[in-house]
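Trainee: Here it is: the structure, laid out below.
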Amino acid sequence: MSHIKVKIKEKDLNTIKEICKSFNNEPRELINVLHKTQEHFGYLPAEIQEVVAQELNIPVAKVYGVVTFYSFFTMLPKGKHPISICTGTACYVRGAENVLQEFKRQLGIEVGETTEDGEFSLSCLRCVGACGLAPVVLVGDKTYGRVAPDGVKAILDEYKK
Amino acid sequence: MEKVKLTIDDKQIEVEKGTTIYKAAKQLGIDIPVLCYMNLDDLGIENKPGGCRICVVEVEGRKNLAPSCSTEATEGMVIHTHTMRVINARRTVLEFILSDHPKDCLTCAKSGNCELQDLAIKLGIREIPGQEYAEMSEYKVDFSPSLIRDLDKCIMCRRCEMMCNEFQTVGAISAFNRGFKAAVGPAFEMDIEHSPCTYCGQCVAVCPTGALTEKDHTRDVINALADPSKTVVVQTAPAIRAALGEEFGLEPGTRVTGEMVSALRRLGFDYVFDTDFAADLTIMEEGTELLDRLTKHLNGDKDVKLPILTSCCPAWVSFFEHNFPEMKDIPSSARSPQQMFGSIAKTYFADKIEVKREDLVVVSIMPCLAKKYEAQRDEFKVDGNPDVDFSISTRELAHLIKEANLDLKTLPKEEFDNPLGESTGAGVIFGATGGVIEAATRTAYELHTGKKIENIDFKQLRGLEGIRKATVDFDGTPINIGIAHGLGNARKLLEDIEAGKSEFHAIEIMACPGGCIGGGGQPSHHGDSSILKARMKAIYEEDADKTIRKSHENPYIIKLYEEFLGKPMSEKAHHLLHTCYFDKRSKVEIS
């Protein structure tokens, strides 16, 4: 039985410790701690989960269970420009699926993945409250409405260097 | 206590408020099928996530069917457990579960002992509609020194998760992912070998399917027995004789010591020995260590480590190595009986019969899966040759006996071989929670006081309560003894020691419910705790029947010290019978 050794930068370790401390290292606050941690690091890789588990004194298997249960949490780093495609009912019936397929084709990645150059990542979400503009795509904080598959290239070009 | 009256299948019953429909039905002799539900009342272990929906019943006036395992009976309820609607729903649920379950029952290790299979038989499932369209989940099989995880067979009852987290507080496994992809396993889906798993095997003990099984060594044993160049000796742990009979249709609690010896001889083992002998040896070493620390303490030595903790249970050893490594000098350094036996067999006994170490194969029959892991630990090898070559479970032994066309029930009762087969009642009770410390007390008392014990049965140390405390009067010196079974209970006692609040001089810890009788390698109890009680009773009966009941009076132990070891804790004894522990806590390092 070999034990796990996790390597992490001191600055990052202290950040996680501070976040846990701000919730009194309370195991019941796991989801809130993970929210804050993901907000800071952008994602929740294994080493971060290991530290959170130790700080809250809970098994890391539990932390992993929560991270994999809620689709909001991700273990993969988000791209510089995170792309979210709304697949809520209104967007879906107006062709969001085709838009999604076009993004996947052009970027060469699946939902939940990030391009190798770290520029773009792809995710789906359910309803941003702009159903009148369906189908809706978000890149970072910017919203694009009535997106059609042939408009995908123009959106990506805006962010390409 | 407030009572409620209800009607189940036209029969009336009055039960205590808070009773579930399932339990109320049970009192009426109505056996509602369950799958995820499990209840070991006497140990306070209950799993009722209400997730599988096999136990649904119809409640008049209620729109949806109710899961009987987790729905409270209320006043005036009228319940039907086998209407057309209920039967159809139950079958549909089972068909869905089976649609995502491998159909390799013929070769599955759990076949014949599988609760899912039993349920398919009970409900008369003959085909699985829509099977050709059904998606099957796929996980790689995870092999470890003790257990095998085949998550394709996991039905998400989460009993293993409950045992690992709530009862044992080990936290090696947890449910991950959601929906179709959900399963139970270690963090990051790594192999169990890299998790804090202690190999206690309680997950295997409660798994209703073939998702969790033991690493099987029966083929290795058969090969060794068939090899004319090998001398094969076997040792059997105390808890085996109290449970093996169950695999042959005998009542739980039937003692089959003599028949087991007979079966082992017919299987072809050259020498049939008893781990109980090594248990007596453990008492000599551990008891001496206890007295040594106690005497120093009584003489005012402030540095002496007390309480002393027992070290016979390999899952418990792993537990403190992972969770309390800073206290690793508190447990006794004595090896477990399995390892003491292996060490003595491959030195003292091998010399006696003039067989080379590498030509002697030591097989142990254990109620335990952690023993498989323990046997392959590096500390217990000499030039790569392990002291114990193969450790097999009670279940594996039953398979070997059946495969050799032997009917345990009709075999004659035979005696163990000597010199490593003679044991005392003290060695026998190692199999039940409280037994090791009772055995140690019998010897330590007499060695410390120089007087004979009047009443040898320390009943205050026995029972099934998770944590027990007792004070034994050592002729004017009160000795405080603690006992815990289940690692969650052990954790509480350890946290007290850590906080400097522990009042105990000695603590016995066993990882499994009831001690070794409830080990992960025993015949499945399928959630019936009366089986554990029956095994415990058998262990104490075996002790009471023995002529010699104190380890230090075992004539072959006395001879072993005279001829070979010198005295307890001698240099030779240290080398062969003691060990050290390691820090296995996960570490965070700065990069």
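Note on naming: chains are A, B, ... as they come in the structure tokens, residues start from 1 per chain, ligands start from 1 in the order shown.
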Please build the interface table for chain B against chain A with a cut-off of 8 Å, listing for each qualifying residue the nearest atom pair and the distance in Å to one decimal; count only C-alpha atoms, order rows by chain and increasing number, and write it as a tab-separated table.
Mentor:
```
residue	atom	partner	partner_atom	distance
B:Val170	CA	A:Pro59	CA	7.8
B:Gly171	CA	A:Pro59	CA	5.1
B:Ala172	CA	A:Ala61	CA	6.3
B:Ile173	CA	A:Ala61	CA	5.6
B:Ser174	CA	A:Ala61	CA	5.3
B:Ala175	CA	A:Gly65	CA	5.5
B:Phe176	CA	A:Gly65	CA	4.1
B:Asn177	CA	A:Thr68	CA	4.7
B:Arg178	CA	A:Phe69	CA	5.4
B:Gly185	CA	A:Ala61	CA	7.5
B:Pro186	CA	A:Ala61	CA	5.3
B:Ala187	CA	A:Ala61	CA	3.9
B:Phe188	CA	A:Tyr64	CA	6.5
B:Glu193	CA	A:Met1	CA	5.3
B:His194	CA	A:Ser2	CA	5.5
B:Ser195	CA	A:His3	CA	7.2
B:Pro196	CA	A:His3	CA	7.5
B:Lys584	CA	A:His3	CA	5.4
B:Arg585	CA	A:His3	CA	6.3
B:Ser586	CA	A:Ile4	CA	4.7
B:Lys587	CA	A:Lys5	CA	4.8
B:Val588	CA	A:Val6	CA	4.7
B:Glu589	CA	A:Lys7	CA	4.7
B:Ile590	CA	A:Ile8	CA	5.1
B:Ser591	CA	A:Lys9	CA	5.2
```
Trainee: From a DSSP pass on the backbone, collect the residues of range 149-348 of chain B flagged as helix (DSSP H, G or I) and hand them back as number ranges by chain.
Mentor: B: 151-153, 159-167, 179-181, 187-189, 192-194, 202-206, 218-226, 244-248, 257-267, 275-298, 314-323, 325-327, 337-348
Trainee: So which residues touch Ser364 in chain B within 7 Å, counting only C-alpha atoms, skipping near sequence neighbours fewer than 4 positions away, as a PyMOL selection string?
Mentor: chain B and resi 234-236+390-392
Trainee: As an exercise, work out the distance from CA of Arg241 in chain B to CA of Met260 in chain B in Å and give it to one decimal place.
Mentor: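 Taking CA of Arg241 in chain B and CA of Met260 in chain B, their separation equals 7.1 Å.
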Trainee: Using only C-alpha atoms, pick whichever of B:Asp216, B:Glu498, B:Asp150, B:Asp280 has the shortest atom-to-atom distance to Glu553 in chain B.
Mentor: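 Closest residue, counting only C-alpha atoms: B:Asp280.
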Trainee: Between A:Ser84, A:Thr74, A:Asn25, A:Thr115, single out the one closest to Val52 in chain A, counting only C-alpha atoms.
Mentor: A:Asn25
Trainee: Env of Ala134 in chain A: 6 Å cut, atoms = only C-alpha atoms, seq-sep filter 3 positions within chain, self excluded. Answer as a PDB file with C-alpha atoms, in the first residue's frame.
Mentor:
```pdb
ATOM      1  CA  CYS A  91     -32.304  26.985 -27.233  1.00  0.00           C
ATOM      2  CA  CYS A 131     -34.784  32.584 -24.382  1.00  0.00           C
ATOM      3  CA  ARG A 146     -29.571  33.643 -32.483  1.00  0.00           C
TER       4      ARG A 146
END
```
Trainee: If you run DSSP on the backbone here, which positions in range 378-566 of chain B get strand (DSSP E)? Please write them as a PyMOL selection string.
Mentor: chain B and resi 381-382+385-386+390-393+467-474+477-485+506-510
Trainee: I need the residues from that last selection saved to file as a PDB file, in the first residue's frame (with N, CA and C atoms), if you can.
Mentor:
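Wrote result16.pdb, looks like this:
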```
ATOM      1  N   LYS B 381       9.098 -11.107   5.130  1.00  0.00           N
ATOM      2  CA  LYS B 381       9.754 -11.950   4.139  1.00  0.00           C
ATOM      3  C   LYS B 381      11.226 -12.094   4.516  1.00  0.00           C
ATOM      4  N   VAL B 382      11.814 -13.239   4.192  1.00  0.00           N
ATOM      5  CA  VAL B 382      13.251 -13.425   4.356  1.00  0.00           C
ATOM      6  C   VAL B 382      13.808 -13.708   2.965  1.00  0.00           C
ATOM      7  N   ASN B 385      11.283 -14.575   0.465  1.00  0.00           N
ATOM      8  CA  ASN B 385      10.401 -15.716   0.767  1.00  0.00           C
ATOM      9  C   ASN B 385       9.506 -15.357   1.955  1.00  0.00           C
ATOM     10  N   PRO B 386       8.196 -15.335   1.718  1.00  0.00           N
ATOM     11  CA  PRO B 386       7.303 -14.898   2.809  1.00  0.00           C
ATOM     12  C   PRO B 386       7.158 -15.964   3.897  1.00  0.00           C
ATOM     13  N   PHE B 390       0.527 -18.396   1.481  1.00  0.00           N
ATOM     14  CA  PHE B 390      -0.827 -18.099   0.995  1.00  0.00           C
ATOM     15  C   PHE B 390      -1.791 -18.007   2.167  1.00  0.00           C
ATOM     16  N   SER B 391      -2.590 -16.964   2.151  1.00  0.00           N
ATOM     17  CA  SER B 391      -3.624 -16.831   3.165  1.00  0.00           C
ATOM     18  C   SER B 391      -4.967 -16.957   2.447  1.00  0.00           C
ATOM     19  N   ILE B 392      -5.749 -17.943   2.845  1.00  0.00           N
ATOM     20  CA  ILE B 392      -7.066 -18.096   2.208  1.00  0.00           C
ATOM     21  C   ILE B 392      -8.174 -17.931   3.246  1.00  0.00           C
ATOM     22  N   SER B 393      -9.338 -17.550   2.758  1.00  0.00           N
ATOM     23  CA  SER B 393     -10.451 -17.246   3.653  1.00  0.00           C
ATOM     24  C   SER B 393     -11.231 -18.519   3.994  1.00  0.00           C
ATOM     25  N   ILE B 467     -17.902  -0.203  22.065  1.00  0.00           N
ATOM     26  CA  ILE B 467     -16.788   0.160  22.944  1.00  0.00           C
ATOM     27  C   ILE B 467     -17.127  -0.350  24.337  1.00  0.00           C
ATOM     28  N   ARG B 468     -16.225  -1.105  24.947  1.00  0.00           N
ATOM     29  CA  ARG B 468     -16.475  -1.610  26.297  1.00  0.00           C
ATOM     30  C   ARG B 468     -15.299  -1.237  27.204  1.00  0.00           C
ATOM     31  N   LYS B 469     -15.628  -1.023  28.475  1.00  0.00           N
ATOM     32  CA  LYS B 469     -14.598  -0.649  29.437  1.00  0.00           C
ATOM     33  C   LYS B 469     -14.721  -1.558  30.646  1.00  0.00           C
ATOM     34  N   ALA B 470     -13.613  -1.930  31.234  1.00  0.00           N
ATOM     35  CA  ALA B 470     -13.666  -2.740  32.445  1.00  0.00           C
ATOM     36  C   ALA B 470     -12.406  -2.504  33.252  1.00  0.00           C
ATOM     37  N   THR B 471     -12.530  -2.637  34.565  1.00  0.00           N
ATOM     38  CA  THR B 471     -11.356  -2.533  35.417  1.00  0.00           C
ATOM     39  C   THR B 471     -11.132  -3.893  36.063  1.00  0.00           C
ATOM     40  N   VAL B 472      -9.916  -4.409  35.909  1.00  0.00           N
ATOM     41  CA  VAL B 472      -9.590  -5.703  36.498  1.00  0.00           C
ATOM     42  C   VAL B 472      -8.619  -5.450  37.649  1.00  0.00           C
ATOM     43  N   ASP B 473      -8.927  -6.072  38.799  1.00  0.00           N
ATOM     44  CA  ASP B 473      -8.097  -5.870  39.983  1.00  0.00           C
ATOM     45  C   ASP B 473      -6.900  -6.821  39.950  1.00  0.00           C
ATOM     46  N   PHE B 474      -5.713  -6.273  39.724  1.00  0.00           N
ATOM     47  CA  PHE B 474      -4.492  -7.087  39.727  1.00  0.00           C
ATOM     48  C   PHE B 474      -3.933  -7.095  41.143  1.00  0.00           C
ATOM     49  N   THR B 477      -3.883  -3.617  42.395  1.00  0.00           N
ATOM     50  CA  THR B 477      -3.614  -2.618  41.357  1.00  0.00           C
ATOM     51  C   THR B 477      -4.750  -2.658  40.327  1.00  0.00           C
ATOM     52  N   PRO B 478      -5.553  -1.595  40.251  1.00  0.00           N
ATOM     53  CA  PRO B 478      -6.638  -1.626  39.257  1.00  0.00           C
ATOM     54  C   PRO B 478      -6.088  -1.381  37.849  1.00  0.00           C
ATOM     55  N   ILE B 479      -6.397  -2.288  36.937  1.00  0.00           N
ATOM     56  CA  ILE B 479      -5.947  -2.150  35.549  1.00  0.00           C
ATOM     57  C   ILE B 479      -7.167  -1.826  34.681  1.00  0.00           C
ATOM     58  N   ASN B 480      -7.108  -0.677  34.008  1.00  0.00           N
ATOM     59  CA  ASN B 480      -8.235  -0.254  33.179  1.00  0.00           C
ATOM     60  C   ASN B 480      -8.069  -0.769  31.754  1.00  0.00           C
ATOM     61  N   ILE B 481      -9.094  -1.481  31.311  1.00  0.00           N
ATOM     62  CA  ILE B 481      -9.027  -2.105  30.000  1.00  0.00           C
ATOM     63  C   ILE B 481     -10.119  -1.550  29.091  1.00  0.00           C
ATOM     64  N   GLY B 482      -9.744  -1.251  27.870  1.00  0.00           N
ATOM     65  CA  GLY B 482     -10.710  -0.786  26.875  1.00  0.00           C
ATOM     66  C   GLY B 482     -10.769  -1.774  25.729  1.00  0.00           C
ATOM     67  N   ILE B 483     -11.953  -1.882  25.125  1.00  0.00           N
ATOM     68  CA  ILE B 483     -12.120  -2.793  23.992  1.00  0.00           C
ATOM     69  C   ILE B 483     -12.939  -2.077  22.923  1.00  0.00           C
ATOM     70  N   ALA B 484     -12.487  -2.146  21.695  1.00  0.00           N
ATOM     71  CA  ALA B 484     -13.283  -1.585  20.595  1.00  0.00           C
ATOM     72  C   ALA B 484     -13.278  -2.573  19.444  1.00  0.00           C
ATOM     73  N   HIS B 485     -14.433  -2.752  18.814  1.00  0.00           N
ATOM     74  CA  HIS B 485     -14.448  -3.472  17.537  1.00  0.00           C
ATOM     75  C   HIS B 485     -15.168  -2.598  16.537  1.00  0.00           C
ATOM     76  N   ALA B 506      -4.534  -0.703  28.869  1.00  0.00           N
ATOM     77  CA  ALA B 506      -4.437  -1.581  27.696  1.00  0.00           C
ATOM     78  C   ALA B 506      -5.740  -1.521  26.916  1.00  0.00           C
ATOM     79  N   ILE B 507      -5.608  -1.568  25.580  1.00  0.00           N
ATOM     80  CA  ILE B 507      -6.796  -1.516  24.725  1.00  0.00           C
ATOM     81  C   ILE B 507      -6.688  -2.605  23.660  1.00  0.00           C
ATOM     82  N   GLU B 508      -7.785  -3.326  23.488  1.00  0.00           N
ATOM     83  CA  GLU B 508      -7.835  -4.295  22.387  1.00  0.00           C
ATOM     84  C   GLU B 508      -8.663  -3.714  21.251  1.00  0.00           C
ATOM     85  N   ILE B 509      -8.142  -3.814  20.049  1.00  0.00           N
ATOM     86  CA  ILE B 509      -8.902  -3.325  18.899  1.00  0.00           C
ATOM     87  C   ILE B 509      -8.974  -4.391  17.809  1.00  0.00           C
ATOM     88  N   MET B 510     -10.188  -4.597  17.326  1.00  0.00           N
ATOM     89  CA  MET B 510     -10.429  -5.491  16.188  1.00  0.00           C
ATOM     90  C   MET B 510     -11.216  -4.684  15.154  1.00  0.00           C
TER      91      MET B 510
END
```
Trainee: Taking only C-alpha atoms into account, which of B:Thr254, B:Asn39, B:Thr433, B:Gln117 comes nearest Arg159 in chain B?
Mentor: B:Asn39
Trainee: Find the residues around range 513-530 of chain B up to 6 Å (only C-alpha atoms counted), leave out those fewer than 3 positions away in its own chain, and share them as number ranges by chain.
Mentor: B: 38-40, 201-202, 205, 239, 367-369, 393-395, 431-433, 485-486, 510, 533
Trainee: For the selection you just gave me, I'd like the residues written to a file as a PDB file, in the first residue's frame, keeping C-alpha atoms.
Mentor:
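Listed below is the output, part31.pdb:
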```pdb
ATOM      1  CA  MET B  38     -29.190  -4.076   5.169  1.00  0.00           C
ATOM      2  CA  ASN B  39     -29.553  -4.118   8.932  1.00  0.00           C
ATOM      3  CA  LEU B  40     -27.254  -5.542  11.593  1.00  0.00           C
ATOM      4  CA  GLY B 201     -12.973  -6.632   3.824  1.00  0.00           C
ATOM      5  CA  GLN B 202     -16.204  -5.377   5.361  1.00  0.00           C
ATOM      6  CA  ALA B 205     -18.766  -8.927   3.530  1.00  0.00           C
ATOM      7  CA  ALA B 239     -12.824 -18.019  14.067  1.00  0.00           C
ATOM      8  CA  PRO B 367     -11.614 -15.265   8.494  1.00  0.00           C
ATOM      9  CA  CYS B 368     -10.027 -12.169   7.089  1.00  0.00           C
ATOM     10  CA  LEU B 369      -9.015 -10.508   3.839  1.00  0.00           C
ATOM     11  CA  SER B 393     -10.451 -17.246   3.653  1.00  0.00           C
ATOM     12  CA  THR B 394     -13.036 -19.488   5.319  1.00  0.00           C
ATOM     13  CA  ARG B 395     -15.020 -19.308   2.068  1.00  0.00           C
ATOM     14  CA  GLY B 431     -11.642 -15.033  17.480  1.00  0.00           C
ATOM     15  CA  ALA B 432     -14.166 -12.826  19.298  1.00  0.00           C
ATOM     16  CA  THR B 433     -14.036  -9.161  20.305  1.00  0.00           C
ATOM     17  CA  HIS B 485     -14.448  -3.472  17.537  1.00  0.00           C
ATOM     18  CA  GLY B 486     -15.091  -1.624  14.321  1.00  0.00           C
ATOM     19  CA  MET B 510     -10.429  -5.491  16.188  1.00  0.00           C
ATOM     20  CA  LYS B 533     -23.852 -14.028  18.049  1.00  0.00           C
TER      21      LYS B 533
END
```
Trainee: Set the distance at 12 Å and use only C-alpha atoms: which residues neighbour Gly124 in chain B once local chain neighbours fewer than 5 positions away are removed? I'd like the list as a PyMOL selection string.
Mentor: chain B and resi 87-88+90-91+94-95+117-119
Trainee: Rounded to one decimal, what separation in Å do you get between CA of Glu465 in chain B and CA of Thr71 in chain B?
Mentor: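 We find that CA of Glu465 in chain B and CA of Thr71 in chain B lie 27.6 Å from each other.
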